[in-house]
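*Asks:* Sharing work_34.cif here; it has mmCIF, C-alpha atoms.
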```
data_final
#
loop_
_atom_site.label_atom_id
_atom_site.label_comp_id
_atom_site.auth_asym_id
_atom_site.auth_seq_id
_atom_site.Cartn_x
_atom_site.Cartn_y
_atom_site.Cartn_z
CA MET L 1 -3.22 4.54 -83.33
CA PRO L 2 -6.56 6.25 -82.71
CA SER L 3 -8.97 4.88 -80.14
CA VAL L 4 -12.25 3.22 -80.99
CA ILE L 5 -14.90 2.61 -78.35
CA LEU L 6 -17.73 0.37 -79.45
CA ASN L 7 -21.36 0.00 -78.59
CA ASP L 8 -20.85 -2.67 -75.93
CA THR L 9 -18.53 -0.59 -73.79
CA ILE L 10 -19.14 1.85 -70.96
CA PHE L 11 -16.44 4.25 -69.79
CA LYS L 12 -16.73 6.26 -66.60
CA GLY L 13 -13.95 8.74 -65.97
CA THR L 14 -11.70 11.18 -67.77
CA LEU L 15 -9.88 10.41 -70.96
CA SER L 16 -7.11 12.33 -72.64
CA GLN L 17 -5.94 11.20 -76.01
CA LYS L 18 -3.18 12.61 -78.22
CA ASP L 19 -4.82 11.80 -81.54
CA SER L 20 -8.29 10.85 -82.66
CA ILE L 21 -11.07 9.01 -80.83
CA THR L 22 -14.20 7.43 -82.26
CA LEU L 23 -17.02 6.71 -79.82
CA ASP L 24 -19.93 4.40 -80.43
CA GLY L 25 -20.43 3.48 -76.80
CA THR L 26 -21.35 5.19 -73.57
CA PHE L 27 -18.98 7.63 -71.96
CA ILE L 28 -19.59 9.43 -68.69
CA GLY L 29 -16.92 12.04 -68.10
CA ASP L 30 -14.70 14.48 -69.92
CA ILE L 31 -12.70 13.80 -73.06
CA THR L 32 -9.71 15.73 -74.36
CA ALA L 33 -8.34 14.80 -77.77
CA GLU L 34 -7.25 16.12 -81.13
CA GLU L 35 -10.35 14.85 -82.88
CA ILE L 36 -13.55 13.40 -81.40
CA ILE L 37 -16.10 11.55 -83.49
CA VAL L 38 -19.35 10.42 -81.87
CA LYS L 39 -21.20 7.80 -83.90
CA ASP L 40 -24.96 7.14 -83.85
CA HIS L 41 -24.90 4.78 -80.83
CA GLY L 42 -22.54 7.04 -78.92
CA THR L 43 -23.89 8.57 -75.73
CA ILE L 44 -21.77 11.06 -73.88
CA ASN L 45 -22.40 12.77 -70.61
CA GLY L 46 -19.56 15.21 -70.15
CA ASN L 47 -17.47 17.87 -71.77
CA LEU L 48 -15.67 17.36 -75.06
CA ASN L 49 -12.48 19.26 -75.75
CA ALA L 50 -10.86 18.81 -79.13
CA SER L 51 -8.07 20.85 -80.67
CA VAL L 52 -9.09 20.23 -84.28
CA ASN L 53 -12.49 18.69 -84.90
CA ILE L 54 -15.63 17.35 -83.24
CA GLU L 55 -18.20 15.44 -85.21
CA VAL L 56 -21.41 14.36 -83.48
CA ASN L 57 -23.89 11.87 -84.84
CA GLY L 58 -25.12 10.66 -81.45
CA ASN L 59 -26.18 11.94 -78.07
CA VAL L 60 -24.13 14.47 -76.16
CA VAL L 61 -24.99 16.26 -72.93
CA GLY L 62 -22.18 18.65 -72.07
CA ASP L 63 -20.02 21.40 -73.45
CA LEU L 64 -18.21 21.11 -76.76
CA ASN L 65 -15.03 23.00 -77.42
CA SER L 66 -13.23 22.76 -80.74
CA ASP L 67 -12.03 24.70 -83.79
CA LYS L 68 -14.46 22.89 -86.00
CA ILE L 69 -17.76 21.36 -84.89
CA HIS L 70 -20.00 19.36 -87.17
CA LEU L 71 -23.40 18.17 -85.94
CA THR L 72 -24.91 15.68 -88.36
CA ASN L 73 -28.57 14.80 -88.88
CA PHE L 74 -28.90 12.26 -86.05
CA ALA L 75 -27.16 14.44 -83.48
CA LYS L 76 -28.84 15.22 -80.18
CA VAL L 77 -26.85 17.82 -78.32
CA ARG L 78 -27.46 19.76 -75.15
CA GLY L 79 -24.89 22.21 -73.84
CA LYS L 80 -22.59 25.06 -74.75
CA LEU L 81 -20.55 25.13 -77.91
CA SER L 82 -17.39 27.11 -78.40
CA HIS L 83 -15.96 26.94 -81.90
CA LYS L 84 -14.40 28.72 -84.86
CA SER L 85 -16.59 27.08 -87.45
CA LEU L 86 -19.87 25.26 -86.84
CA SER L 87 -21.94 23.26 -89.26
CA VAL L 88 -25.30 21.67 -88.49
CA ASP L 89 -27.10 19.21 -90.72
CA GLU L 90 -30.85 19.00 -91.23
CA GLY L 91 -32.56 16.97 -88.52
CA ALA L 92 -30.16 17.60 -85.67
CA GLN L 93 -31.93 18.07 -82.33
CA LEU L 94 -30.26 20.81 -80.38
CA GLU L 95 -30.60 22.62 -77.13
CA ILE L 96 -27.45 24.66 -77.25
CA THR L 97 -25.83 28.01 -76.81
CA ALA L 98 -23.13 28.56 -79.37
CA GLN L 99 -20.26 30.98 -79.32
CA THR L 100 -17.83 31.64 -82.12
CA ARG L 101 -14.28 32.28 -81.07
CA LYS L 102 -12.80 35.05 -83.15
CA ARG L 103 -9.80 34.27 -85.29
CA ILE L 104 -6.65 36.22 -84.56
CA SER L 105 -6.66 37.75 -88.07
CA ASN L 106 -10.18 39.10 -87.48
CA LEU L 107 -9.13 40.61 -84.19
CA ASN L 108 -6.30 42.44 -85.93
CA LYS L 109 -8.71 43.93 -88.48
CA GLU L 110 -10.88 45.29 -85.72
CA MET T 1 -1.57 -19.02 -80.37
CA PHE T 2 -3.96 -16.38 -79.13
CA PHE T 3 -3.58 -13.60 -81.63
CA ASN T 4 -2.34 -12.63 -85.01
CA SER T 5 -0.90 -9.14 -85.25
CA ASN T 6 -1.64 -8.77 -88.99
CA LYS T 7 -5.26 -9.70 -88.52
CA ARG T 8 -5.64 -7.27 -85.68
CA ALA T 9 -4.33 -4.35 -87.73
CA GLU T 10 -6.73 -5.07 -90.56
CA SER T 11 -10.00 -5.48 -88.72
CA ASN T 12 -10.80 -2.89 -86.15
CA VAL T 13 -14.50 -3.65 -86.19
CA GLY T 14 -15.01 -6.37 -83.62
CA PHE T 15 -13.58 -4.74 -80.52
CA SER T 16 -12.89 -1.49 -78.76
CA HIS T 17 -9.38 -0.14 -78.81
CA LEU T 18 -7.73 2.40 -76.55
CA GLY T 19 -4.82 3.84 -78.50
CA GLU T 20 -1.23 4.48 -77.50
CA GLY T 21 -1.68 8.18 -76.90
CA ALA T 22 -4.64 7.67 -74.59
CA SER T 23 -4.67 7.94 -70.85
CA PHE T 24 -7.87 7.17 -69.02
CA GLU T 25 -8.79 7.39 -65.37
CA GLY T 26 -11.96 5.65 -64.24
CA GLU T 27 -14.03 2.55 -64.77
CA ILE T 28 -14.45 0.51 -67.92
CA HIS T 29 -17.27 -1.96 -68.46
CA CYS T 30 -17.13 -3.86 -71.70
CA LYS T 31 -19.53 -6.60 -72.76
CA GLY T 32 -17.28 -7.64 -75.60
CA GLU T 33 -13.63 -7.36 -76.43
CA ILE T 34 -11.35 -4.48 -75.57
CA GLU T 35 -7.72 -3.77 -76.38
CA ILE T 36 -5.59 -1.38 -74.41
CA ALA T 37 -2.43 0.18 -75.80
CA GLY T 38 -2.56 3.28 -73.64
CA LYS T 39 -2.67 3.91 -69.93
CA VAL T 40 -5.63 3.09 -67.70
CA LYS T 41 -6.00 3.82 -64.02
CA GLY T 42 -9.03 2.11 -62.57
CA ASN T 43 -11.01 -1.08 -62.64
CA ILE T 44 -11.91 -2.94 -65.79
CA THR T 45 -14.70 -5.44 -66.33
CA ALA T 46 -14.79 -7.10 -69.71
CA LYS T 47 -15.42 -10.31 -71.55
CA THR T 48 -12.07 -10.27 -73.26
CA LEU T 49 -9.31 -7.88 -72.31
CA ARG T 50 -6.04 -7.53 -74.14
CA ILE T 51 -3.32 -5.34 -72.73
CA LEU T 52 -0.98 -4.69 -75.64
CA GLU T 53 2.73 -4.01 -75.54
CA GLY T 54 3.10 -0.47 -74.25
CA GLY T 55 -0.28 -0.69 -72.56
CA LYS T 56 -0.43 -0.18 -68.82
CA VAL T 57 -3.31 -0.97 -66.50
CA THR T 58 -3.35 0.02 -62.84
CA GLY T 59 -6.32 -1.44 -61.01
CA GLN T 60 -8.46 -4.53 -60.69
CA VAL T 61 -9.37 -6.60 -63.71
CA ASN T 62 -12.34 -8.92 -63.94
CA ALA T 63 -12.85 -10.77 -67.19
CA GLU T 64 -13.43 -14.09 -68.92
CA LYS T 65 -10.24 -13.96 -70.89
CA VAL T 66 -7.23 -11.77 -70.28
CA GLU T 67 -4.10 -11.43 -72.37
CA ILE T 68 -1.31 -9.46 -70.78
CA LEU T 69 1.32 -8.44 -73.31
CA GLY T 70 2.06 -5.15 -71.58
CA CYS T 71 2.06 -4.00 -67.99
CA MET T 72 -0.54 -4.96 -65.40
CA LEU T 73 -0.43 -3.53 -61.88
CA GLY T 74 -3.15 -4.96 -59.67
CA ASN T 75 -5.14 -8.10 -59.26
CA THR T 76 -6.51 -10.06 -62.18
CA THR T 77 -9.47 -12.41 -61.91
CA SER T 78 -10.42 -14.32 -65.02
CA LEU T 79 -11.36 -17.71 -66.45
CA ASN T 80 -8.34 -17.72 -68.75
CA ILE T 81 -5.18 -15.74 -68.38
CA HIS T 82 -2.32 -15.49 -70.83
CA VAL T 83 0.85 -13.57 -70.08
CA GLY T 84 3.02 -12.82 -73.10
CA GLU T 85 6.81 -12.82 -73.19
CA LYS T 86 7.04 -9.09 -72.62
CA GLY T 87 4.22 -9.10 -70.10
CA VAL T 88 4.82 -7.55 -66.70
CA VAL T 89 2.51 -8.41 -63.81
CA ARG T 90 2.62 -6.91 -60.34
CA GLY T 91 -0.28 -8.37 -58.44
CA ASP T 92 -2.27 -11.54 -58.00
CA LEU T 93 -3.51 -13.75 -60.79
CA ARG T 94 -6.65 -15.76 -60.08
CA PHE T 95 -7.81 -17.99 -62.89
CA GLU T 96 -10.43 -20.69 -63.17
CA THR T 97 -9.53 -22.79 -66.18
CA ASN T 98 -6.32 -21.90 -67.97
CA LEU T 99 -3.17 -19.98 -67.25
CA SER T 100 -0.38 -19.71 -69.77
CA VAL T 101 2.82 -17.78 -69.30
CA ALA T 102 5.28 -17.25 -72.13
CA GLU T 103 9.01 -17.52 -71.57
CA GLY T 104 10.39 -14.19 -70.38
CA ALA T 105 7.27 -12.92 -68.65
CA ASP T 106 7.83 -10.97 -65.47
CA ILE T 107 5.39 -11.84 -62.69
CA LEU T 108 5.39 -10.82 -59.06
CA GLY T 109 2.39 -11.91 -57.01
CA HIS T 110 0.20 -14.80 -56.02
CA VAL T 111 -0.97 -17.16 -58.70
CA GLN T 112 -4.00 -19.17 -57.78
CA LYS T 113 -6.44 -21.46 -59.46
CA ALA T 114 -9.86 -20.60 -58.09
CA LYS T 115 -13.01 -22.63 -58.40
CA LYS T 116 -15.64 -19.97 -58.36
CA ASP T 117 -18.55 -22.10 -59.57
CA LYS T 118 -18.49 -24.38 -56.56
CA ASN T 119 -18.48 -21.40 -54.20
CA LYS T 120 -21.39 -19.84 -56.04
CA LYS T 121 -23.41 -23.05 -55.87
CA PHE T 122 -22.56 -23.39 -52.24
CA ASP T 123 -23.67 -19.81 -51.61
CA THR T 124 -26.98 -20.19 -53.41
CA GLU T 125 -27.66 -23.41 -51.52
CA LYS T 126 -26.85 -21.64 -48.31
CA VAL T 127 -29.17 -18.75 -49.19
CA ARG T 128 -31.95 -21.16 -50.06
CA TYR T 129 -31.44 -22.96 -46.79
CA LEU T 130 -31.57 -19.68 -44.85
CA GLU T 131 -34.66 -18.48 -46.73
CA HIS T 132 -36.35 -21.79 -46.03
CA ASN T 133 -35.55 -21.42 -42.35
CA GLN T 134 -36.90 -17.88 -42.29
CA ARG T 135 -40.15 -18.98 -43.87
CA ALA T 136 -40.44 -21.84 -41.42
CA SER T 137 -39.95 -19.66 -38.38
#
```
Give the structure from the file, written as structure tokens.
*Replies:*
Amino acid sequence: MPSVILNDTIFKGTLSQKDSITLDGTFIGDITAEEIIVKDHGTINGNLNASVNIEVNGNVVGDLNSDKIHLTNFAKVRGKLSHKSLSVDEGAQLEITAQTRKRISNLNKE
Amino acid sequence: MFFNSNKRAESNVGFSHLGEGASFEGEIHCKGEIEIAGKVKGNITAKTLRILEGGKVTGQVNAEKVEILGCMLGNTTSLNIHVGEKGVVRGDLRFETNLSVAEGADILGHVQKAKKDKNKKFDTEKVRYLEHNQRAS
């Protein structure tokens, strides 16, 4: 079952999760998971590593690393992004450097 | 008595949940309710803490209500403690009001009823007395 961390909870440390995690609370530290979803009250100070998807609708200070990154309109992000596909909604406040990882098929073409 | 597994599965709104595949190292502070089905190494402060079957906590726990249905290694301090039938405890249990242990629970450690309130009152009185003396001198 995926993890859910609510508004009233503060985590300090490192978390690794096999499936999905939804954060609406405060997290200080690094997270590794398959999918990370940060809701509007979520505040994260640390690096996010997801194998499939990261969706941010809250505050993140740290590096994001995932195949797919989606920053929605309430997102506030500061850090480095490494992704295969990135989408940013209108209104997102960003202070980022983004880097697209090349797909293997593209590398072969080159 | 304390929980209803069907209810829990339906409503995942009221409390935080750390899933089975999760392993966390560090501190957790929760003002509300938290459920742990994964592994936690470190101290936990919460209002209500529920360690589910398959959940494992290594560290100190401080809460108002604790339900141990999984594995708890370390000392537990709480107003109310419930240990379920598959609960495993290695460490001390300090409770203030209620302790309930289901048949089959595995506990190794001190079990103590503590009256914290009296100590607190005593301490504050002592502090007041000392402050008064300081002012007087």
*Asks:* Evaluate the PyMOL selection byres ((chain T and resi 49) around 8) here and jot the selected residues down as a PyMOL selection string.
*Replies:* chain T and resi 33-36+46-48+50-51+63+65-67
*Asks:* Residues of the last selection are to be written out with C-alpha atoms, as a PDB file, in the frame of the given file.
*Replies:*
```pdb
ATOM      1  CA  GLU T  33     -13.630  -7.360 -76.430  1.00  0.00           C
ATOM      2  CA  ILE T  34     -11.350  -4.480 -75.570  1.00  0.00           C
ATOM      3  CA  GLU T  35      -7.720  -3.770 -76.380  1.00  0.00           C
ATOM      4  CA  ILE T  36      -5.590  -1.380 -74.410  1.00  0.00           C
ATOM      5  CA  ALA T  46     -14.790  -7.100 -69.710  1.00  0.00           C
ATOM      6  CA  LYS T  47     -15.420 -10.310 -71.550  1.00  0.00           C
ATOM      7  CA  THR T  48     -12.070 -10.270 -73.260  1.00  0.00           C
ATOM      8  CA  ARG T  50      -6.040  -7.530 -74.140  1.00  0.00           C
ATOM      9  CA  ILE T  51      -3.320  -5.340 -72.730  1.00  0.00           C
ATOM     10  CA  ALA T  63     -12.850 -10.770 -67.190  1.00  0.00           C
ATOM     11  CA  LYS T  65     -10.240 -13.960 -70.890  1.00  0.00           C
ATOM     12  CA  VAL T  66      -7.230 -11.770 -70.280  1.00  0.00           C
ATOM     13  CA  GLU T  67      -4.100 -11.430 -72.370  1.00  0.00           C
TER      14      GLU T  67
END
```
*Asks:* I need the residue nearest L:Gly79 from this list: L:Gly58, L:Thr9, L:Asn45, L:Gly91. Use all atoms listed in the file for the distance.
*Replies:*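 The answer is L:Asn45, which sits nearest to L:Gly79.
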*Asks:* I'd like the residues picked by the PyMOL selection byres ((chain T) within 12 of (chain L)) written out as a count of residues only, using the chain letters and numbers from the file.
*Replies:* 40
*Asks:* Determine, counting only C-alpha atoms, which protein, DNA and RNA residues have an atom within 7 Å of an atom of stretch 65-73 of chain L; residues of the same chain fewer than 2 positions away are not included. Present the result as a list in words.
*Replies:*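 Skipping anything fewer than 2 positions along the chain leaves Leu48, Asn49, Ala50, Ser51, Val52, Asn53, Ile54, Glu55, Val56, Asn57, Asp63, Ala75, Leu81, Ser82, His83, Lys84, Ser85, Leu86, Ser87, Val88, Asp89, Glu90, Gly91 and Ala92 of chain L.
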*Asks:* Please indicate the distance in Å from atom CA of T:Cys71 to atom CA of L:Asp30, rounded to one decimal place.
*Replies:*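 A separation of 25.0 Å between them.
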*Asks:* At a cut-off of 10 Å, using all atoms listed in the file, what residues contact T:His110? Leave out same-chain residues fewer than 4 positions from it and give the result as a short mmCIF file (atom, residue, chain, number, x, y, z; two decimals) with C-alpha atoms, in the coordinates of the input.
*Replies:*
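Final output, out-v5.cif:
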```cif
data_model
loop_
_atom_site.label_atom_id
_atom_site.label_comp_id
_atom_site.auth_asym_id
_atom_site.auth_seq_id
_atom_site.Cartn_x
_atom_site.Cartn_y
_atom_site.Cartn_z
CA ASN T 75 -5.14 -8.10 -59.26
CA ARG T 90 2.62 -6.91 -60.34
CA GLY T 91 -0.28 -8.37 -58.44
CA ASP T 92 -2.27 -11.54 -58.00
CA LEU T 93 -3.51 -13.75 -60.79
CA ARG T 94 -6.65 -15.76 -60.08
#
```
*Asks:* Grab the atom CA of L:Leu64 to atom CA of L:Asp40 distance for me, in Å with one decimal place.
*Replies:*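 Here the two named atoms are 17.1 Å from each other.
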*Asks:* Which residue, L:Phe74, L:Thr43, L:Lys80, L:Val38, has the smallest gap to L:Gln99 when you use only C-alpha atoms?
*Replies:*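 Using only C-alpha atoms, L:Gln99 sits closest to L:Lys80.
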*Asks:* Quick one: distance from atom CA of T:Glu103 to atom CA of T:Thr58 in Å, one decimal?
*Replies:*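 Rounded to one decimal, the two atoms are 23.2 Å apart.
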*Asks:* Given the file shown, determine the residues that the PyMOL selection byres ((chain L and resi 77) around 6) selects; report them as a ChimeraX atom specification.
*Replies:* /L:59-61,76,78,94
*Asks:* Identify which of the residues T:Arg128, T:His82, T:Arg135, T:Lys115 lies closest to T:Gly70, counting all atoms listed in the file when measuring atom-to-atom distances.
*Replies:*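 Ranking T:Arg128, T:His82, T:Arg135, T:Lys115 by distance to T:Gly70, first place goes to T:His82.
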